[in-house]
$ cat start.cif   # mmCIF, C-alpha atoms
data_my_file
#
loop_
_atom_site.label_atom_id
_atom_site.label_comp_id
_atom_site.auth_asym_id
_atom_site.auth_seq_id
_atom_site.Cartn_x
_atom_site.Cartn_y
_atom_site.Cartn_z
CA MET M 1 0.00 0.00 0.00
CA THR M 2 1.41 3.39 -1.00
CA PRO M 3 1.88 5.63 2.05
CA ARG M 4 -0.11 8.82 2.19
CA SER M 5 1.89 11.90 1.26
CA ALA M 6 2.07 15.20 3.12
CA GLY M 7 3.53 18.46 1.89
CA ILE M 8 4.60 21.01 4.48
CA LEU M 9 5.02 24.61 3.38
CA GLY M 10 7.79 26.21 5.42
CA GLY M 11 10.85 24.60 6.96
CA GLY M 12 11.06 26.50 10.24
CA VAL M 13 10.89 24.89 13.66
CA ALA M 14 7.13 24.30 13.42
CA GLY M 15 7.28 22.75 9.95
CA LEU M 16 10.24 20.49 10.72
CA THR M 17 8.79 19.32 14.02
CA LEU M 18 5.47 18.42 12.45
CA ALA M 19 7.24 16.76 9.52
CA ALA M 20 9.09 14.43 11.91
CA LEU M 21 5.90 13.68 13.85
CA LEU M 22 3.93 12.84 10.71
CA ALA M 23 6.73 10.73 9.23
CA ALA M 24 6.97 8.80 12.50
CA ARG M 25 3.34 7.79 11.92
CA GLY M 26 3.98 6.52 8.39
CA TRP M 27 3.36 9.59 6.26
CA GLN M 28 5.60 10.25 3.27
CA VAL M 29 6.55 13.86 3.98
CA THR M 30 8.17 16.61 1.91
CA VAL M 31 9.05 20.01 3.38
CA TYR M 32 9.19 22.96 0.99
CA GLU M 33 11.27 25.93 2.17
CA ARG M 34 11.82 29.09 0.10
CA ASP M 35 15.25 29.69 1.65
CA LEU M 36 17.30 27.57 4.05
CA PRO M 37 15.69 25.27 6.61
CA GLY M 38 15.28 26.78 10.06
CA GLY M 39 13.14 29.86 9.47
CA LYS M 40 14.24 32.45 12.05
CA LEU M 41 16.58 29.89 13.63
CA ARG M 42 19.80 29.53 11.67
CA ARG M 43 23.55 30.01 11.94
CA LEU M 44 25.31 33.13 10.73
CA GLU M 45 29.05 33.64 10.25
CA VAL M 46 30.35 37.03 11.46
CA GLY M 47 34.03 37.84 11.77
CA GLY M 48 34.95 34.17 11.64
CA LEU M 49 32.57 33.34 14.51
CA SER M 50 29.32 31.40 14.35
CA PHE M 51 26.14 33.00 15.74
CA ASP M 52 22.72 31.43 16.25
CA THR M 53 19.93 33.73 15.08
CA GLY M 54 16.31 33.66 16.15
CA PRO M 55 15.29 32.24 19.56
CA SER M 56 18.01 32.85 22.14
CA LEU M 57 16.59 31.03 25.18
CA PHE M 58 15.14 27.58 25.76
CA THR M 59 12.35 27.66 28.35
CA PHE M 60 9.58 25.27 29.45
CA PRO M 61 11.61 22.18 28.44
CA GLU M 62 8.63 19.94 29.24
CA VAL M 63 7.21 20.80 25.82
CA TRP M 64 10.41 19.64 24.11
CA SER M 65 10.25 16.48 26.23
CA ALA M 66 6.72 15.87 24.95
CA VAL M 67 7.98 16.11 21.35
CA LEU M 68 10.77 13.65 22.10
CA ALA M 69 8.36 11.24 23.82
CA ARG M 70 6.07 11.22 20.80
CA LEU M 71 9.05 10.55 18.52
CA GLY M 72 10.54 7.95 20.87
CA GLU M 73 13.86 9.80 20.98
CA PRO M 74 16.30 10.52 23.82
CA ASP M 75 17.15 14.16 24.41
CA PRO M 76 20.22 15.06 22.31
CA LEU M 77 20.36 18.76 23.22
CA ASN M 78 22.25 18.65 26.54
CA LEU M 79 20.34 21.67 27.85
CA ARG M 80 22.31 23.73 30.37
CA PRO M 81 21.23 26.55 32.67
CA LEU M 82 22.09 29.99 31.31
CA PRO M 83 24.17 31.94 33.87
CA GLY M 84 22.09 34.73 35.36
CA GLY M 85 18.74 33.29 34.29
CA LEU M 86 16.60 35.86 32.47
CA GLY M 87 19.27 38.50 32.99
CA VAL M 88 19.67 41.83 34.72
CA HIS M 89 16.84 44.23 33.83
CA HIS M 90 18.06 47.83 33.79
CA THR M 91 14.84 49.65 34.62
CA PRO M 92 14.48 53.43 35.24
CA HIS M 93 13.98 52.51 38.92
CA GLY M 94 17.13 50.43 39.30
CA ALA M 95 18.64 47.15 38.14
CA VAL M 96 16.63 43.99 38.81
CA PRO M 97 18.01 40.49 38.14
CA LEU M 98 15.38 37.87 37.31
CA PRO M 99 15.02 35.59 39.18
CA VAL M 100 15.61 37.96 42.09
CA PRO M 101 18.30 36.43 44.38
CA PRO M 102 17.78 36.06 48.14
CA ASP M 103 20.20 38.88 49.02
CA HIS M 104 18.38 41.45 46.85
CA PRO M 105 16.05 44.02 48.51
CA LEU M 106 13.21 42.94 46.18
CA HIS M 107 13.45 39.25 47.01
CA GLY M 108 10.43 39.33 49.34
CA GLU M 109 8.27 40.88 46.60
CA TRP M 110 9.66 38.37 44.09
CA THR M 111 8.64 35.55 46.43
CA ARG M 112 5.12 36.99 46.62
CA TYR M 113 5.00 37.17 42.82
CA VAL M 114 6.19 33.56 42.37
CA ALA M 115 3.62 32.37 44.92
CA ALA M 116 0.83 34.15 43.03
CA ALA M 117 1.74 32.33 39.81
CA ALA M 118 2.45 28.92 41.41
CA PRO M 119 -1.06 27.40 40.96
CA LEU M 120 -0.66 27.70 37.18
CA ARG M 121 2.73 25.98 36.88
CA PRO M 122 1.45 22.35 36.88
CA HIS M 123 -0.99 23.21 34.07
CA LEU M 124 1.25 25.23 31.77
CA THR M 125 2.46 22.37 29.59
CA ARG M 126 -1.17 21.35 29.09
CA LEU M 127 -2.04 24.87 27.95
CA LEU M 128 0.87 24.89 25.51
CA THR M 129 0.12 21.47 23.98
CA THR M 130 -3.69 21.24 24.06
CA PRO M 131 -6.09 22.78 21.53
CA PRO M 132 -8.37 25.41 23.11
CA ARG M 133 -11.59 23.39 23.21
CA LEU M 134 -14.01 23.91 26.07
CA ARG M 135 -15.37 20.38 25.66
CA ASP M 136 -11.93 19.02 26.59
CA PRO M 137 -11.80 18.48 30.40
CA ALA M 138 -8.00 18.82 30.45
CA PHE M 139 -8.14 22.20 28.73
CA ARG M 140 -10.95 23.33 31.03
CA ARG M 141 -8.87 22.47 34.10
CA ALA M 142 -5.79 24.22 32.71
CA SER M 143 -7.68 27.34 31.65
CA ALA M 144 -9.47 27.42 35.02
CA ALA M 145 -6.04 27.44 36.69
CA LEU M 146 -4.99 30.31 34.42
CA PHE M 147 -8.08 32.38 35.21
CA GLY M 148 -7.72 31.52 38.89
CA VAL M 149 -4.35 33.30 38.85
CA THR M 150 -5.13 36.19 36.48
CA GLY M 151 -8.64 36.82 37.84
CA GLY M 152 -10.60 39.33 35.81
CA HIS M 153 -7.52 40.92 34.26
CA LEU M 154 -7.24 40.46 30.49
CA THR M 155 -3.88 42.15 30.01
CA ALA M 156 -0.42 41.87 31.53
CA GLU M 157 -0.58 45.56 32.49
CA GLY M 158 -3.92 45.11 34.24
CA TRP M 159 -2.71 42.18 36.30
CA LEU M 160 0.57 43.85 37.28
CA ARG M 161 -1.15 47.05 38.38
CA ALA M 162 -3.48 45.05 40.62
CA GLN M 163 -0.53 43.42 42.43
CA HIS M 164 1.06 46.72 43.56
CA PHE M 165 4.61 45.53 43.12
CA PRO M 166 7.44 48.04 43.67
CA PRO M 167 8.13 50.09 40.50
CA ALA M 168 11.46 48.43 39.66
CA LEU M 169 10.06 44.87 39.84
CA ALA M 170 6.86 45.80 38.00
CA HIS M 171 8.86 47.47 35.21
CA ALA M 172 11.09 44.41 34.81
CA LEU M 173 8.07 42.08 34.69
CA ARG M 174 6.30 44.26 32.10
CA THR M 175 9.19 43.56 29.74
CA HIS M 176 8.13 39.93 29.37
CA ALA M 177 4.85 40.86 27.74
CA LEU M 178 7.04 41.15 24.65
CA ASN M 179 7.10 37.33 24.59
CA ALA M 180 3.70 37.86 22.99
CA GLY M 181 5.17 40.43 20.60
CA LEU M 182 3.06 43.13 22.25
CA PRO M 183 3.45 45.83 24.91
CA PRO M 184 2.02 44.95 28.33
CA GLN M 185 -1.13 47.03 27.75
CA ASP M 186 -2.05 44.69 24.86
CA ALA M 187 -0.51 41.33 25.82
CA PRO M 188 -2.57 38.62 27.56
CA ALA M 189 -2.25 38.56 31.36
CA LEU M 190 -0.42 35.23 31.16
CA TYR M 191 2.69 37.00 29.89
CA ALA M 192 3.06 38.97 33.12
CA LEU M 193 3.63 35.58 34.77
CA ILE M 194 6.35 34.29 32.45
CA PRO M 195 9.38 35.02 34.71
CA ALA M 196 7.70 33.25 37.65
CA LEU M 197 6.71 30.27 35.51
CA VAL M 198 10.15 29.98 33.91
CA GLY M 199 11.88 30.13 37.29
CA ALA M 200 15.43 28.82 37.10
CA GLU M 201 14.80 26.85 33.89
CA VAL M 202 16.39 29.34 31.51
CA LEU M 203 18.37 26.99 29.33
CA ARG M 204 20.45 26.77 26.21
CA PRO M 205 21.77 23.70 24.39
CA ALA M 206 25.45 23.06 25.00
CA GLY M 207 25.98 23.30 21.24
CA GLY M 208 24.03 26.56 20.92
CA MET M 209 20.47 27.14 19.76
CA GLY M 210 21.41 25.93 16.30
CA ALA M 211 21.68 22.43 17.77
CA LEU M 212 17.87 22.37 17.93
CA LEU M 213 17.69 22.92 14.17
CA GLY M 214 20.29 20.23 13.55
CA ASN M 215 18.42 17.71 15.69
CA LEU M 216 15.06 18.46 14.08
CA LEU M 217 16.61 17.94 10.65
CA ASP M 218 18.16 14.68 11.86
CA PHE M 219 14.83 13.46 13.27
CA ALA M 220 13.03 14.32 10.04
CA ARG M 221 15.57 12.81 7.66
CA ALA M 222 15.93 9.65 9.76
CA ARG M 223 12.20 9.10 9.15
CA GLY M 224 12.47 9.64 5.41
CA VAL M 225 11.36 13.28 5.23
CA GLY M 226 12.47 15.12 2.11
CA VAL M 227 13.62 18.61 3.10
CA ARG M 228 13.82 20.85 0.04
CA GLY M 229 15.55 24.18 0.49
CA GLN M 230 15.33 26.93 -2.15
CA ALA M 231 11.93 25.49 -3.09
CA GLU M 232 9.47 28.37 -2.91
CA VAL M 233 5.78 27.53 -3.24
CA VAL M 234 4.14 30.21 -5.41
CA ALA M 235 0.60 28.85 -5.80
CA LEU M 236 -1.78 26.38 -4.22
CA SER M 237 -4.83 24.85 -5.87
CA GLY M 238 -6.70 22.05 -4.16
CA GLN M 239 -4.07 19.53 -3.10
CA THR M 240 -1.57 20.65 -5.76
CA LEU M 241 1.22 23.15 -5.19
CA ARG M 242 3.38 24.92 -7.76
CA LEU M 243 7.00 25.88 -7.15
CA ALA M 244 8.84 28.94 -8.44
CA GLY M 245 10.50 26.95 -11.23
CA GLY M 246 7.17 25.67 -12.56
CA GLU M 247 7.34 22.23 -10.94
CA THR M 248 4.09 20.93 -9.44
CA ALA M 249 3.43 18.38 -6.74
CA ARG M 250 0.27 16.87 -5.30
CA HIS M 251 -0.15 15.67 -1.71
CA ASP M 252 -2.95 14.00 0.20
CA LEU M 253 -2.33 16.43 3.06
CA LEU M 254 -0.98 19.98 2.98
CA VAL M 255 0.11 21.83 6.11
CA SER M 256 1.15 25.47 5.97
CA ALA M 257 3.72 26.76 8.43
CA LEU M 258 3.54 30.16 6.71
CA ASP M 259 1.94 33.37 7.87
CA PRO M 260 -1.85 33.10 7.23
CA ALA M 261 -1.77 36.20 4.99
CA ARG M 262 0.91 34.65 2.80
CA LEU M 263 -1.01 31.37 2.62
CA ALA M 264 -4.14 33.24 1.50
CA ALA M 265 -2.15 34.85 -1.33
CA LEU M 266 -0.88 31.43 -2.47
CA ARG M 267 -4.49 30.24 -2.61
CA GLY M 268 -5.51 33.27 -4.66
CA ARG M 269 -7.80 34.45 -1.90
CA PRO M 270 -8.12 37.75 -0.07
CA ALA M 271 -5.95 37.93 3.00
CA PRO M 272 -7.73 37.06 6.25
CA SER M 273 -9.06 40.09 8.08
CA PRO M 274 -6.49 40.46 10.83
CA PRO M 275 -6.41 43.43 13.15
CA ALA M 276 -4.79 46.50 11.59
CA ARG M 277 -2.00 46.21 14.16
CA ARG M 278 0.94 43.82 14.04
CA THR M 279 3.21 42.30 16.62
CA VAL M 280 6.70 43.75 16.88
CA ALA M 281 9.64 43.20 14.55
CA GLY M 282 13.31 43.25 15.43
CA VAL M 283 16.69 44.64 14.49
CA ALA M 284 19.32 42.05 15.40
CA LEU M 285 23.00 43.00 15.45
CA TYR M 286 25.66 40.31 15.68
CA ALA M 287 29.23 41.43 16.39
CA ALA M 288 32.57 39.63 16.60
CA LEU M 289 34.76 41.36 19.18
CA PRO M 290 38.57 41.44 19.36
CA ARG M 291 38.38 40.54 23.07
CA PRO M 292 35.69 39.05 25.35
CA ALA M 293 32.99 41.52 26.41
CA PRO M 294 32.98 42.26 30.18
CA LEU M 295 29.24 41.58 30.37
CA PRO M 296 26.91 38.98 31.92
CA ALA M 297 25.32 36.39 29.66
CA THR M 298 22.08 38.38 29.35
CA SER M 299 21.27 42.05 29.93
CA VAL M 300 17.84 43.56 29.37
CA LEU M 301 17.10 47.25 28.79
CA PRO M 302 13.33 47.85 28.83
CA PRO M 303 11.77 50.98 27.34
CA SER M 304 11.81 53.73 29.93
CA ARG M 305 8.07 54.35 29.41
CA PHE M 306 5.91 51.51 28.10
CA SER M 307 3.11 53.94 27.22
CA THR M 308 5.45 55.82 24.86
CA PHE M 309 6.77 52.55 23.45
CA ARG M 310 3.21 51.31 22.83
CA ALA M 311 2.19 54.53 21.06
CA ALA M 312 5.21 54.28 18.76
CA MET M 313 4.55 50.63 17.88
CA ARG M 314 0.91 51.36 17.10
CA ALA M 315 1.91 54.27 14.87
CA GLY M 316 4.63 52.27 13.11
CA ALA M 317 7.19 54.76 14.44
CA LEU M 318 10.60 54.24 16.02
CA PRO M 319 10.37 54.72 19.82
CA PRO M 320 12.84 57.07 21.55
CA ASP M 321 14.14 54.08 23.49
CA THR M 322 13.20 50.48 22.93
CA LEU M 323 13.52 47.04 24.44
CA ALA M 324 17.11 45.87 23.95
CA LEU M 325 18.31 42.36 24.76
CA VAL M 326 22.04 41.86 24.95
CA HIS M 327 23.55 38.39 24.88
CA ALA M 328 27.30 38.10 25.45
CA GLU M 329 29.47 35.01 25.21
CA GLY M 330 33.23 35.37 24.89
CA HIS M 331 34.06 37.27 21.70
CA ARG M 332 30.43 37.16 20.57
CA ILE M 333 27.78 39.77 21.32
CA ALA M 334 24.23 39.97 20.01
CA VAL M 335 22.05 43.05 20.50
CA LEU M 336 18.37 42.57 19.70
CA LEU M 337 16.33 45.78 19.35
CA THR M 338 12.54 45.82 19.22
CA ALA M 339 11.19 47.78 16.24
CA PRO M 340 7.81 48.37 14.60
CA ALA M 341 6.80 45.93 11.88
CA THR M 342 7.19 48.26 8.92
CA GLY M 343 9.55 46.11 6.86
CA GLN M 344 12.33 48.71 6.95
CA ALA M 345 15.99 47.92 6.33
CA TYR M 346 17.99 49.49 9.15
CA GLY M 347 21.77 49.20 9.01
CA PRO M 348 24.27 49.73 11.84
CA ASP M 349 24.73 53.37 10.77
CA HIS M 350 21.04 54.26 10.86
CA PRO M 351 20.63 57.16 13.37
CA TRP M 352 18.02 55.30 15.44
CA VAL M 353 20.14 52.15 15.62
CA ARG M 354 23.17 54.21 16.63
CA THR M 355 21.13 55.95 19.35
CA GLN M 356 19.93 52.62 20.78
CA ILE M 357 23.43 51.14 20.72
CA ALA M 358 24.79 54.22 22.51
CA ARG M 359 22.11 53.75 25.19
CA VAL M 360 23.08 50.08 25.59
CA GLU M 361 26.79 50.88 25.86
CA ARG M 362 26.17 53.75 28.30
CA THR M 363 23.87 51.71 30.53
CA LEU M 364 26.16 48.68 30.60
CA GLY M 365 29.34 50.74 31.02
CA VAL M 366 31.03 49.59 27.81
CA PRO M 367 31.45 52.71 25.64
CA GLY M 368 32.52 52.06 22.06
CA LEU M 369 32.00 48.29 22.36
CA LEU M 370 30.46 47.78 18.93
CA ALA M 371 32.82 50.31 17.33
CA SER M 372 35.65 47.97 18.30
CA ALA M 373 34.02 44.97 16.60
CA LEU M 374 35.87 43.13 13.86
CA GLU M 375 32.60 42.75 11.96
CA VAL M 376 28.93 43.52 12.57
CA ARG M 377 25.99 41.94 10.74
CA VAL M 378 22.43 43.25 10.97
CA LEU M 379 19.13 41.45 10.42
CA PRO M 380 16.48 44.21 10.15
CA PRO M 381 12.65 43.96 9.89
CA SER M 382 13.03 43.60 6.10
CA HIS M 383 14.86 40.32 6.72
CA TYR M 384 11.90 38.88 8.63
CA ALA M 385 9.44 40.36 6.12
CA ALA M 386 11.23 38.49 3.33
CA GLY M 387 10.28 35.28 5.13
CA GLY M 388 6.60 36.13 4.71
CA HIS M 389 5.89 37.86 8.02
CA PRO M 390 3.97 41.10 7.30
CA GLY M 391 6.36 43.99 7.85
CA GLY M 392 8.66 41.59 9.67
CA ALA M 393 6.12 41.04 12.48
CA ILE M 394 7.60 38.17 14.45
CA TYR M 395 4.22 36.76 15.53
CA GLY M 396 2.08 38.10 12.69
CA ALA M 397 -1.10 40.03 13.42
CA ALA M 398 -1.67 41.59 16.84
CA LEU M 399 -4.59 39.73 18.38
CA ALA M 400 -6.89 40.84 21.17
CA PRO M 401 -5.71 39.63 24.62
CA TRP M 402 -8.42 36.98 24.83
CA ARG M 403 -7.19 35.46 21.55
CA GLY M 404 -3.49 35.36 22.33
CA GLY M 405 -1.19 32.66 23.66
CA PRO M 406 -2.90 29.39 24.62
CA LEU M 407 -6.41 30.87 24.17
CA HIS M 408 -6.00 31.13 20.40
CA PRO M 409 -9.24 30.25 18.57
CA GLN M 410 -7.55 30.27 15.16
CA PRO M 411 -8.46 27.50 12.70
CA TYR M 412 -5.90 24.72 12.45
CA ARG M 413 -7.95 23.06 9.71
CA LEU M 414 -8.90 25.42 6.88
CA ARG M 415 -10.59 22.78 4.73
CA PRO M 416 -10.27 19.04 4.16
CA GLY M 417 -6.66 18.35 3.32
CA LEU M 418 -5.32 21.79 4.30
CA TRP M 419 -4.10 22.60 7.81
CA GLN M 420 -1.84 25.26 9.31
CA VAL M 421 0.69 25.48 12.14
CA GLY M 422 3.32 27.91 13.42
CA THR M 423 3.55 31.32 15.07
CA GLY M 424 0.82 32.84 12.89
CA VAL M 425 -1.63 30.31 14.32
CA HIS M 426 -0.30 29.63 17.82
CA PRO M 427 1.12 33.08 18.57
CA GLY M 428 3.50 34.22 21.27
CA GLY M 429 5.72 32.30 23.61
CA GLY M 430 8.64 31.51 21.33
CA LEU M 431 9.88 27.93 21.09
CA PRO M 432 7.44 26.38 23.62
CA ALA M 433 4.46 27.72 21.66
CA VAL M 434 5.91 26.65 18.29
CA LEU M 435 6.74 23.13 19.48
CA GLY M 436 3.43 22.89 21.34
CA GLY M 437 1.55 23.98 18.25
CA ALA M 438 3.14 21.18 16.23
CA LEU M 439 2.06 18.68 18.90
CA ILE M 440 -1.48 20.09 18.79
CA VAL M 441 -1.78 19.75 15.01
CA ASP M 442 -0.32 16.23 15.04
CA GLY M 443 -2.85 15.27 17.73
CA LEU M 444 -5.78 16.80 15.84
CA LEU M 445 -4.74 15.03 12.66
CA ARG M 446 -4.69 11.73 14.58
CA GLU M 447 -8.19 12.44 15.87
CA SER M 448 -9.44 13.12 12.35
CA GLY M 449 -8.02 9.82 11.11
CA ASN M 450 -4.99 11.33 9.39
#
$ encode --input "start.cif" --output "structure tokens"
Amino acid sequence: MTPRSAGILGGGVAGLTLAALLAARGWQVTVYERDLPGGKLRRLEVGGLSFDTGPSLFTFPEVWSAVLARLGEPDPLNLRPLPGGLGVHHTPHGAVPLPVPPDHPLHGEWTRYVAAAAPLRPHLTRLLTTPPRLRDPAFRRASAALFGVTGGHLTAEGWLRAQHFPPALAHALRTHALNAGLPPQDAPALYALIPALVGAEVLRPAGGMGALLGNLLDFARARGVGVRGQAEVVALSGQTLRLAGGETARHDLLVSALDPARLAALRGRPAPSPPARRTVAGVALYAALPRPAPLPATSVLPPSRFSTFRAAMRAGALPPDTLALVHAEGHRIAVLLTAPATGQAYGPDHPWVRTQIARVERTLGVPGLLASALEVRVLPPSHYAAGGHPGGAIYGAALAPWRGGPLHPQPYRLRPGLWQVGTGVHPGGGLPAVLGGALIVDGLLRESGN
């Protein structure tokens, strides 16, 4: 009997994970990727050094363990704790390391915060790996735990204000709403709880984040998956897809790991009616230094005023100061700046980029750090937009708080034979949400007899 065939559009983390899961169940799977496999996660050479782009932290490892269990694989990643956890947050009210250590003046308030979030922790993996269906008792229990913690607060800002934390701690916690790609006034309340839920499990593979991509490719190819790079799908009709060179292929099952707006264009249909707003984009700078940077593994510079930051993002304007994440390791330094999703191409000499870098260097006490670099490479919003994300929006359209994160009533199944997965469908949360979304779609396909 000829095995059923599945075509997956997009070879990022979501597409490769689902490809391995389907192939493990006997599907004959082909992944079509317009560029190189990995999506946002790939390796970049700068100044003779290798950098991992895309996700920089590995959190909620239980979701990865669930993927491995379904594949019957041991864990090859050798995940290790990242020194300093979520990093030092340089707020306008003072520096706050997260988690807050016992000898810090804010430790008592941090303990109160962790205790408030604790009832949700046993249910978080369920929320990340279960489709949001009220008829499912497991989802009802998990969502009840979520609402038991967040109460009547829809947004991260609303929940944080109700807790009356000291300004420095509240400002640091607001930063993690950006895990949803949104400022705290627009992000679901769950994202105010992320630092408490992550706890000390801020991890990174011993071989770097690129090891995840390598392992997913190994899992897929070991199960017979065909991974085709430089194979851009330009049209979709029924179960048949057409590639840029004119080649066509037909599959019993098609799964899109593309942005929903891009998928609609491939189908010759009007784009879905998303909100006018988008999640944030990024400007990522990777620099090879002549000597190791005297910096901790992770430093975080939040916007000084989240209300100003929010207004700029909504207007598609560059904020006066933005969220900056700084990752340092030996001679490598990565500076990730949050920008509006306008698809612009900002280089290292753009005035706004220079202003943000000067703020980073001034705050961290390393003047002229990037000027000393042997080489600097920049991935601007236009880079992410080229991958099909509108304006470079990392998580696609900006959804209302009640539709974000695990409460995402987006359609996984668009019609018989056509499904979708990835950050445009299961938004926010980085790798745990992407991996969890792949598990969800694999489970729903099983239920439907596929």
$ atom_distance --input "start.cif" --atom1 "CA of Pro320 in chain M" --atom2 "CA of Ser372 in chain M"
24.8 Å
$ axis_aligned_box --input "start.cif" --around "range 91-103 of chain M" --padding-each-side "5 Å" --output "lines of an AutoDock Vina configuration file"
center_x = 17.1
center_y = 44.5
center_z = 41.8
size_x = 16.2
size_y = 27.8
size_z = 24.4
$ residues_around --input "start.cif" --residues "Arg291 in chain M" --least-positions-apart "2" --cutoff "7 Å" --atoms "all atoms listed in the file" --output "number ranges by chain"
M: 289, 293, 331
$ closest_atom_pairs --input "start.cif" --of "range 201-284 of chain M" --to "range 310-316 of chain M" --cutoff "9 Å" --atoms "all atoms listed in the file" --output "Markdown table"
| residue | atom | partner | partner_atom | distance |
| --- | --- | --- | --- | --- |
| M:Arg277 | CA | M:Arg314 | CA | 6.6 |
| M:Arg278 | CA | M:Arg314 | CA | 8.1 |
| M:Thr279 | CA | M:Met313 | CA | 8.5 |
| M:Val280 | CA | M:Met313 | CA | 7.3 |
$ closest_residue --input "start.cif" --among "M:Leu325, M:Ala145, M:Val225, M:Ala345" --to "Ser56 in chain M" --atoms "all atoms listed in the file"
M:Leu325
$ residues_near_point --input "start.cif" --point "(2.4, 32.4, -0.2)" --cutoff "6 Å" --atoms "all atoms listed in the file" --output "list in words"
Val234, Arg262, Leu263, Ala265 and Leu266 of chain M
$ closest_atom_pairs --input "start.cif" --of "range 82-176 of chain M" --to "range 59-66 of chain M" --cutoff "10 Å" --atoms "only C-alpha atoms" --output "tab-separated table"
residue	atom	partner	partner_atom	distance
M:Leu124	CA	M:Phe60	CA	8.6
M:Thr125	CA	M:Val63	CA	6.3
M:Arg126	CA	M:Val63	CA	9.0
M:Leu128	CA	M:Val63	CA	7.6
M:Thr129	CA	M:Val63	CA	7.4
$ closest_residue --input "start.cif" --among "M:Gly48, M:Pro37, M:Gly26, M:Gly214" --to "Leu77 in chain M" --atoms "only C-alpha atoms"
M:Gly214
$ atom_distance --input "start.cif" --atom1 "CA of Pro167 in chain M" --atom2 "CA of Gln185 in chain M"
16.1 Å
$ resolve_selection --input "start.cif" --expression "the PyMOL selection byres ((chain M and resi 282) around 6)" --output "list in words"
Ala281, Val283, Leu337, Thr338, Ala339 and Pro381 of chain M
$ closest_residue --input "start.cif" --among "M:Leu120, M:Pro205, M:Pro55, M:Ala168" --to "Val149 in chain M" --atoms "all atoms listed in the file"
M:Leu120
$ resolve_selection --input "start.cif" --expression "the PyMOL selection byres ((chain M and resi 258) around 9)" --output "ChimeraX atom specification"
/M:9-10,15,256-257,259-263,387-389,420-424
$ residues_around --input "start.cif" --residues "range 179-184 of chain M" --least-positions-apart "3" --cutoff "10 Å" --atoms "all atoms listed in the file" --output "VMD selection string"
chain M and resid 155 to 160 173 to 176 187 to 192 194 278 to 281 306 to 307 309 to 311 313 to 314 338 393 to 399 401 404 to 405 427 to 430
$ closest_residue --input "start.cif" --among "M:Leu254, M:Val227, M:Val441, M:Leu407" --to "Ala142 in chain M" --atoms "all atoms listed in the file"
M:Leu407
